[in-house]
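Dumped target-v4.cif below, it's mmCIF, C-alpha atoms:
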```cif
data_upload
loop_
_atom_site.label_atom_id
_atom_site.label_comp_id
_atom_site.auth_asym_id
_atom_site.auth_seq_id
_atom_site.Cartn_x
_atom_site.Cartn_y
_atom_site.Cartn_z
CA MET B 1 33.61 96.21 -97.39
CA VAL B 2 35.90 93.21 -97.08
CA PRO B 3 39.52 94.29 -96.41
CA LEU B 4 42.15 93.36 -99.00
CA TYR B 5 44.20 91.72 -96.24
CA TRP B 6 41.56 88.97 -95.90
CA TYR B 7 41.83 88.09 -99.58
CA MET B 8 45.62 87.95 -99.33
CA LEU B 9 45.33 85.76 -96.24
CA LEU B 10 42.96 83.37 -98.07
CA SER B 11 45.32 83.26 -101.03
CA ALA B 12 48.34 82.57 -98.78
CA ALA B 13 46.43 79.78 -97.01
CA VAL B 14 45.47 78.04 -100.28
CA PHE B 15 49.03 78.46 -101.60
CA CYS B 16 50.52 76.88 -98.49
CA ILE B 17 48.08 73.96 -98.66
CA GLY B 18 49.27 73.49 -102.25
CA VAL B 19 52.93 73.53 -101.13
CA TYR B 20 52.13 70.96 -98.44
CA GLY B 21 50.27 68.71 -100.89
CA PHE B 22 53.09 68.90 -103.42
CA LEU B 23 55.72 67.88 -100.87
CA ALA B 24 53.68 65.35 -98.90
CA ARG B 25 51.92 63.19 -101.50
CA ARG B 26 53.47 60.26 -103.36
CA ASN B 27 50.98 60.21 -106.21
CA VAL B 28 52.06 62.31 -109.22
CA ILE B 29 48.46 63.22 -110.06
CA LEU B 30 47.88 64.59 -106.55
CA MET B 31 51.10 66.59 -106.89
CA PHE B 32 49.74 68.09 -110.10
CA ILE B 33 46.44 68.96 -108.43
CA SER B 34 48.48 70.73 -105.73
CA ILE B 35 50.21 72.81 -108.41
CA GLU B 36 46.80 73.82 -109.80
CA LEU B 37 45.80 74.82 -106.26
CA MET B 38 48.88 77.06 -105.99
CA LEU B 39 48.17 78.70 -109.37
CA ASN B 40 44.60 79.39 -108.28
CA ALA B 41 45.81 80.97 -105.04
CA VAL B 42 47.98 83.35 -107.08
CA ASN B 43 44.98 84.16 -109.29
CA ILE B 44 42.80 85.05 -106.29
CA ASN B 45 45.51 87.42 -105.11
CA LEU B 46 45.92 89.03 -108.54
CA VAL B 47 42.20 89.60 -109.12
CA ALA B 48 41.66 90.93 -105.57
CA ILE B 49 44.53 93.43 -105.81
CA SER B 50 43.38 94.41 -109.31
CA HIS B 51 39.91 95.18 -107.93
CA TYR B 52 41.20 97.20 -104.98
CA MET B 53 43.70 99.14 -107.15
CA GLU B 54 41.03 99.83 -109.82
CA ASP B 55 43.51 98.70 -112.46
CA LEU B 56 42.97 95.82 -114.93
CA ALA B 57 46.64 94.74 -115.15
CA GLY B 58 46.18 92.14 -112.41
CA GLN B 59 43.24 90.54 -114.20
CA ILE B 60 45.21 90.42 -117.47
CA LEU B 61 48.05 88.71 -115.59
CA SER B 62 45.64 86.16 -114.10
CA PHE B 63 44.39 85.53 -117.66
CA PHE B 64 47.97 84.61 -118.65
CA VAL B 65 48.35 82.46 -115.53
CA ILE B 66 45.26 80.49 -116.62
CA THR B 67 46.77 80.07 -120.13
CA VAL B 68 50.05 78.77 -118.72
CA ALA B 69 48.14 76.48 -116.32
CA ALA B 70 46.29 74.91 -119.27
CA ALA B 71 49.56 74.37 -121.17
CA GLU B 72 51.25 72.97 -118.07
CA ALA B 73 48.37 70.58 -117.37
CA ALA B 74 48.46 69.23 -120.94
CA ILE B 75 52.23 68.65 -120.94
CA GLY B 76 52.32 67.36 -117.36
CA LEU B 77 49.55 64.82 -117.90
CA ALA B 78 51.27 63.65 -121.10
CA ILE B 79 54.45 63.10 -119.05
CA ILE B 80 52.43 61.15 -116.44
CA ILE B 81 50.98 58.92 -119.18
CA ALA B 82 54.44 58.30 -120.65
CA LEU B 83 55.84 57.51 -117.19
CA PHE B 84 53.00 55.13 -116.35
CA ARG B 85 53.46 53.36 -119.67
CA ASN B 86 57.15 52.74 -118.93
CA LYS B 87 57.16 52.14 -115.17
CA GLU B 88 53.60 51.01 -114.30
CA THR B 89 53.58 53.32 -111.28
CA VAL B 90 52.43 56.83 -110.35
CA HIS B 91 54.47 57.05 -107.14
CA VAL B 92 57.32 59.52 -107.23
CA ASP B 93 59.52 57.61 -104.75
CA GLU B 94 59.57 54.61 -107.08
CA MET B 95 61.02 56.65 -109.94
CA LYS B 96 64.65 57.07 -108.98
CA GLU B 97 66.64 56.09 -112.05
CA MET B 98 68.43 59.44 -112.07
CA GLN B 99 69.50 59.21 -108.44
CA GLY B 100 73.29 59.06 -108.16
CA MET I 1 29.22 93.09 -86.97
CA ILE I 2 28.76 90.71 -89.90
CA THR I 3 27.37 92.43 -92.97
CA LEU I 4 26.27 90.55 -96.08
CA PRO I 5 29.57 90.98 -98.06
CA VAL I 6 31.60 89.85 -95.06
CA PHE I 7 29.36 86.81 -94.60
CA PHE I 8 29.66 86.03 -98.33
CA PHE I 9 33.44 86.25 -98.21
CA LEU I 10 33.76 84.21 -95.02
CA TYR I 11 31.57 81.43 -96.44
CA HIS I 12 33.70 81.22 -99.61
CA ALA I 13 37.00 81.43 -97.71
CA LEU I 14 35.88 78.65 -95.38
CA VAL I 15 34.74 76.37 -98.22
CA ILE I 16 37.86 77.02 -100.34
CA VAL I 17 40.36 76.43 -97.52
CA GLY I 18 38.47 73.46 -96.08
CA LEU I 19 38.03 71.72 -99.42
CA SER I 20 41.68 72.40 -100.34
CA LEU I 21 42.69 70.46 -97.23
CA VAL I 22 40.25 67.69 -98.17
CA THR I 23 41.61 67.65 -101.74
CA VAL I 24 45.25 67.11 -100.81
CA SER I 25 44.41 64.36 -98.31
CA ARG I 26 42.09 62.05 -100.31
CA ARG I 27 43.33 58.57 -101.16
CA ASN I 28 41.36 58.29 -104.39
CA PRO I 29 42.48 60.81 -107.09
CA VAL I 30 38.94 60.91 -108.56
CA HIS I 31 37.58 62.27 -105.26
CA SER I 32 40.36 64.87 -105.18
CA VAL I 33 39.51 66.04 -108.69
CA LEU I 34 35.80 66.32 -107.85
CA PHE I 35 36.48 68.32 -104.68
CA MET I 36 38.75 70.52 -106.80
CA LEU I 37 35.75 71.17 -109.07
CA ILE I 38 33.75 72.57 -106.12
CA ILE I 39 36.75 74.74 -105.13
CA PHE I 40 36.96 76.16 -108.67
CA PHE I 41 33.26 77.08 -108.68
CA HIS I 42 33.66 78.88 -105.35
CA ILE I 43 36.73 80.74 -106.64
CA ALA I 44 34.74 81.78 -109.72
CA SER I 45 31.97 83.15 -107.51
CA LEU I 46 34.61 85.05 -105.51
CA TYR I 47 35.75 86.60 -108.81
CA LEU I 48 32.17 87.70 -109.50
CA PHE I 49 32.20 89.31 -106.06
CA LEU I 50 35.37 91.20 -107.12
CA ASN I 51 33.62 92.51 -110.28
CA ALA I 52 35.64 90.31 -112.63
CA GLU I 53 32.89 88.57 -114.64
CA PHE I 54 35.12 87.68 -117.56
CA ILE I 55 37.76 86.05 -115.36
CA ALA I 56 34.98 84.14 -113.55
CA ALA I 57 33.68 82.80 -116.89
CA ILE I 58 37.21 81.86 -117.99
CA GLN I 59 37.77 80.15 -114.65
CA ILE I 60 34.69 77.95 -115.18
CA ILE I 61 35.28 77.28 -118.89
CA VAL I 62 39.03 76.64 -118.81
CA TYR I 63 39.64 75.24 -115.33
CA ALA I 64 36.44 73.35 -114.61
CA GLY I 65 35.62 72.59 -118.25
CA ALA I 66 38.99 71.73 -119.75
CA ILE I 67 41.75 71.16 -117.20
CA LEU I 68 39.73 69.10 -114.71
CA VAL I 69 38.18 67.00 -117.46
CA LEU I 70 41.72 66.31 -118.69
CA PHE I 71 42.71 65.26 -115.16
CA LEU I 72 39.68 62.97 -114.91
CA PHE I 73 40.49 61.38 -118.29
CA VAL I 74 44.06 60.66 -117.20
CA VAL I 75 42.94 59.25 -113.84
CA PHE I 76 40.49 56.96 -115.64
CA LEU I 77 43.11 56.01 -118.24
CA LEU I 78 45.63 54.81 -115.66
CA ASP I 79 44.70 51.73 -113.72
CA LEU I 80 45.01 52.94 -110.13
CA ARG I 81 43.53 50.00 -108.26
CA ALA I 82 46.81 49.48 -106.38
CA GLU I 83 46.39 53.01 -105.01
CA GLU I 84 43.77 51.74 -102.53
CA HIS I 85 46.39 49.97 -100.45
CA ALA I 86 49.51 52.04 -101.07
CA ASP I 87 50.95 54.67 -98.72
CA LYS I 88 49.43 58.10 -99.28
CA TYR I 89 52.37 60.17 -98.10
CA SER I 90 55.99 60.20 -99.10
CA MET I 91 58.95 60.49 -96.74
CA SER I 92 59.01 64.28 -97.06
CA GLN I 93 55.58 64.77 -95.47
CA PRO I 94 56.85 66.23 -92.13
CA ALA I 95 59.21 68.55 -94.02
CA GLY I 96 56.32 69.63 -96.26
CA ALA I 97 54.07 70.38 -93.27
CA VAL I 98 56.79 72.43 -91.52
CA LEU I 99 57.65 74.32 -94.70
CA ALA I 100 54.00 75.11 -95.52
CA LEU I 101 53.23 76.29 -91.98
CA SER I 102 56.32 78.49 -91.75
CA LEU I 103 55.66 79.91 -95.23
CA PHE I 104 52.13 80.79 -94.15
CA ALA I 105 53.41 82.44 -90.95
CA VAL I 106 55.91 84.56 -92.92
CA LEU I 107 53.35 85.56 -95.57
CA ALA I 108 50.63 86.40 -93.03
CA SER I 109 52.95 88.53 -90.92
CA THR I 110 54.53 90.44 -93.82
CA MET I 111 51.29 91.04 -95.75
CA ARG I 112 50.01 93.28 -92.94
CA GLY I 113 52.44 95.95 -94.11
CA PHE I 114 51.24 95.81 -97.72
CA VAL I 115 50.44 99.27 -99.11
CA LEU I 116 48.43 99.66 -102.32
CA GLY I 117 49.96 101.70 -105.13
CA PRO I 118 48.20 104.60 -106.85
CA HIS I 119 44.72 103.79 -108.18
CA GLY I 120 44.24 103.12 -111.89
CA ILE I 121 41.48 104.48 -114.13
CA TYR I 122 39.27 101.37 -114.20
CA GLY I 123 37.04 102.06 -111.22
CA ILE I 124 33.73 100.28 -110.75
CA GLU I 125 31.73 103.07 -112.47
CA LYS I 126 33.90 102.95 -115.57
CA ILE I 127 33.70 99.13 -115.78
CA THR I 128 29.89 99.21 -115.38
CA GLU I 129 29.65 101.85 -118.08
CA MET I 130 31.75 100.03 -120.72
CA THR I 131 31.11 96.41 -119.46
CA HIS I 132 33.88 94.26 -118.04
CA THR I 133 34.59 92.23 -121.18
CA LYS I 134 35.05 95.35 -123.27
CA ALA I 135 37.28 96.96 -120.66
CA ILE I 136 39.51 93.89 -120.38
CA GLY I 137 39.62 93.52 -124.16
CA THR I 138 40.65 97.15 -124.60
CA VAL I 139 43.60 96.70 -122.26
CA LEU I 140 44.52 93.24 -123.53
CA TYR I 141 44.60 94.14 -127.23
CA THR I 142 46.49 97.43 -126.81
CA LYS I 143 48.91 97.46 -123.90
CA TYR I 144 49.33 93.69 -123.58
CA LEU I 145 49.18 92.68 -127.25
CA PHE I 146 52.67 91.16 -127.37
CA PRO I 147 52.24 88.93 -124.27
CA PHE I 148 48.90 87.86 -125.76
CA GLU I 149 50.63 86.72 -128.96
CA VAL I 150 53.32 84.93 -126.92
CA ALA I 151 50.55 83.08 -125.05
CA SER I 152 49.37 81.59 -128.35
CA VAL I 153 52.91 80.25 -128.97
CA VAL I 154 52.93 78.75 -125.47
CA LEU I 155 49.66 76.94 -126.24
CA LEU I 156 51.03 75.69 -129.57
CA VAL I 157 54.11 74.30 -127.78
CA ALA I 158 51.77 72.61 -125.28
CA ILE I 159 49.76 70.94 -128.08
CA VAL I 160 52.85 69.68 -129.93
CA GLY I 161 54.58 68.65 -126.69
CA ALA I 162 51.59 66.73 -125.35
CA ILE I 163 51.17 64.80 -128.61
CA THR I 164 54.89 63.92 -128.86
CA LEU I 165 55.13 62.86 -125.22
CA ALA I 166 51.99 60.75 -125.09
CA LYS I 167 52.38 59.14 -128.52
CA ARG I 168 53.21 55.44 -128.53
CA HIS I 169 56.51 54.88 -130.30
CA THR I 170 56.08 52.33 -133.06
CA LYS I 171 59.13 50.32 -134.05
CA SER I 172 59.53 50.18 -137.82
#
```

Reformat the file's structure so that it appears as C-alpha cells.
Amino acid sequence: MVPLYWYMLLSAAVFCIGVYGFLARRNVILMFISIELMLNAVNINLVAISHYMEDLAGQILSFFVITVAAAEAAIGLAIIIALFRNKETVHVDEMKEMQG
Amino acid sequence: MITLPVFFFLYHALVIVGLSLVTVSRRNPVHSVLFMLIIFFHIASLYLFLNAEFIAAIQIIVYAGAILVLFLFVVFLLDLRAEEHADKYSMSQPAGAVLALSLFAVLASTMRGFVLGPHGIYGIEKITEMTHTKAIGTVLYTKYLFPFEVASVVLLVAIVGAITLAKRHTKS
C-alpha cells in the first residue's frame, strides 16, 4: 500500500515546479502551461485524498477543477492571440504599458 | 522492500516530476506541449491506480484531447520563429527558484502532520458494486447539483469571452 504522504509529496513537487515555471519563463504560453501543471498537481492531491478517505467529494471537486481549467485555457489563449495581434510578441517583459 | 504498487507509484512519480522539469525548461513551446501530453497520460494512469476511472477518462478526453490541442493550435497560429534566439528566462527567475524551493520545503514538512478525517461511505467494495461512474453520478446529481449547474455557466462565459477576445475588430 502506497502511503498518502507520497501522493501529497508528488503533488507538492509538481505544484512547485509549476510555480517556478510561472515566475521564471518569459513566454506567455509557457506560463500558461505552468498554470495547467499547478492545476493538475491539485487534482492529484484531491483524487488521492478522496481515495484514502473513501469519500467521492474530492473527485467531484477535481471534476470542477478540470471544468475551470478548460474555461481558463480558452479565455487565456484568446487573450494571448489578442496580445500577439497588437504587440507582435509573446514575452511578458515586453508588455509594460501599464507600468507607472 | 519494493512491492508492485510501490514500484508502479515510484515509476509514475519519477516520470511526472522529471517531465514537469523538462516541460518548464524547453525553448520550443511545441516540445513543452508534447511533454505535457506524456505527463497527462501518466497522471491519468495514476488516477486509475486510485480507483477513479471516470476522472482518468475525463483527464484524457478534456486535458489531452481538448486543452492541449487548443494550446498546440495557438502555438502554431503565432509565428514564434524569433523564440529560437530570445532569452528563455525573465528577470524573476532566481526569485521564482527560491520561492518554489521554499514553498516545497514548507509543504513537505507540514504535510507529515496531516491527519485524515472520518471515512466516507464510498469504500472500494461499494464502488466496485455500483461502478465508479454511477457512484460519481449519484453524488454529483444530488449533493452537488447546484455547483454542477454553475459550472455550465462558467463554460458559457468562457465560450462567449473567448470569441469576443479573439475576434478581429472590423472598422465600419

| Which residues fall under the PyMOL selection byres ((chain I) within 6 of (chain B)) in this file, as a PyMOL selection string? | chain I and resi 6+24+89-90+92-93+96-97+100+119-120+122-123+155+158+162+165-166

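Counting only C-alpha atoms and comparing I:Phe104, I:Tyr144, I:Phe114, I:Phe8, the residue that lies closest to Ser45 in chain I is I:Phe8.
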
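The gap separating CA of Val69 in chain I from CA of Val30 in chain I is 10.8 Å, in Å to one decimal.
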
Taking 3 positions as the minimum chain separation for residues in the same chain, which residues sit within 7 Å of Thr23 in chain I when counting only C-alpha atoms? Answer as a compact mmCIF listing (two decimals) with C-alpha atoms, in the frame of the given file.
```txt
# COMPACT_ATOMS: atom_id res chain seq x y z
CA LEU I 19 38.03 71.72 -99.42
CA SER I 20 41.68 72.40 -100.34
CA ARG I 26 42.09 62.05 -100.31
CA SER I 32 40.36 64.87 -105.18
CA PHE I 35 36.48 68.32 -104.68
CA MET I 36 38.75 70.52 -106.80
```

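Separating CA of Pro29 in chain I from CA of Leu80 in chain I is a distance of 8.8 Å.
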
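CA of Leu34 in chain I is positioned 13.8 Å from CA of Ile60 in chain I.
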
Please determine an axis-aligned box that encloses all atoms of range 108-112 of chain I listed in the file, with 8 Å added on each side, and express its centre and edge lengths in Å to one decimal as lines of an AutoDock Vina configuration file.
```
center_x = 52.3
center_y = 89.8
center_z = -93.3
size_x = 20.5
size_y = 22.9
size_z = 20.8
```

Subset file: range 16-47 of chain B, C-alpha atoms, as a PDB file, in the first residue's frame:
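Below is the file result.pdb, written as the result:
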```pdb
ATOM      1  CA  CYS B  16       6.260  23.929  -7.007  1.00  0.00           C
ATOM      2  CA  ILE B  17       7.655  23.191 -10.477  1.00  0.00           C
ATOM      3  CA  GLY B  18       4.582  24.985 -11.838  1.00  0.00           C
ATOM      4  CA  VAL B  19       5.225  27.987  -9.554  1.00  0.00           C
ATOM      5  CA  TYR B  20       8.850  28.082 -10.710  1.00  0.00           C
ATOM      6  CA  GLY B  21       7.872  27.881 -14.384  1.00  0.00           C
ATOM      7  CA  PHE B  22       5.289  30.626 -13.996  1.00  0.00           C
ATOM      8  CA  LEU B  23       7.760  33.013 -12.386  1.00  0.00           C
ATOM      9  CA  ALA B  24      10.845  32.125 -14.420  1.00  0.00           C
ATOM     10  CA  ARG B  25       9.695  31.980 -18.049  1.00  0.00           C
ATOM     11  CA  ARG B  26       9.232  34.980 -20.335  1.00  0.00           C
ATOM     12  CA  ASN B  27       6.954  33.255 -22.825  1.00  0.00           C
ATOM     13  CA  VAL B  28       3.235  33.668 -22.038  1.00  0.00           C
ATOM     14  CA  ILE B  29       2.414  30.225 -23.452  1.00  0.00           C
ATOM     15  CA  LEU B  30       4.948  28.557 -21.143  1.00  0.00           C
ATOM     16  CA  MET B  31       3.439  30.486 -18.225  1.00  0.00           C
ATOM     17  CA  PHE B  32       0.040  29.078 -19.159  1.00  0.00           C
ATOM     18  CA  ILE B  33       1.428  25.545 -19.347  1.00  0.00           C
ATOM     19  CA  SER B  34       2.831  26.089 -15.838  1.00  0.00           C
ATOM     20  CA  ILE B  35      -0.653  27.035 -14.610  1.00  0.00           C
ATOM     21  CA  GLU B  36      -2.029  23.797 -16.093  1.00  0.00           C
ATOM     22  CA  LEU B  37       0.744  21.929 -14.264  1.00  0.00           C
ATOM     23  CA  MET B  38      -0.317  23.527 -10.957  1.00  0.00           C
ATOM     24  CA  LEU B  39      -3.987  22.653 -11.541  1.00  0.00           C
ATOM     25  CA  ASN B  40      -3.010  19.051 -12.259  1.00  0.00           C
ATOM     26  CA  ALA B  41      -0.974  18.893  -9.053  1.00  0.00           C
ATOM     27  CA  VAL B  42      -4.064  19.979  -7.102  1.00  0.00           C
ATOM     28  CA  ASN B  43      -6.112  17.311  -8.894  1.00  0.00           C
ATOM     29  CA  ILE B  44      -3.656  14.548  -7.954  1.00  0.00           C
ATOM     30  CA  ASN B  45      -3.940  15.629  -4.329  1.00  0.00           C
ATOM     31  CA  LEU B  46      -7.754  15.745  -4.421  1.00  0.00           C
ATOM     32  CA  VAL B  47      -8.175  12.327  -6.035  1.00  0.00           C
TER      33      VAL B  47
END
```
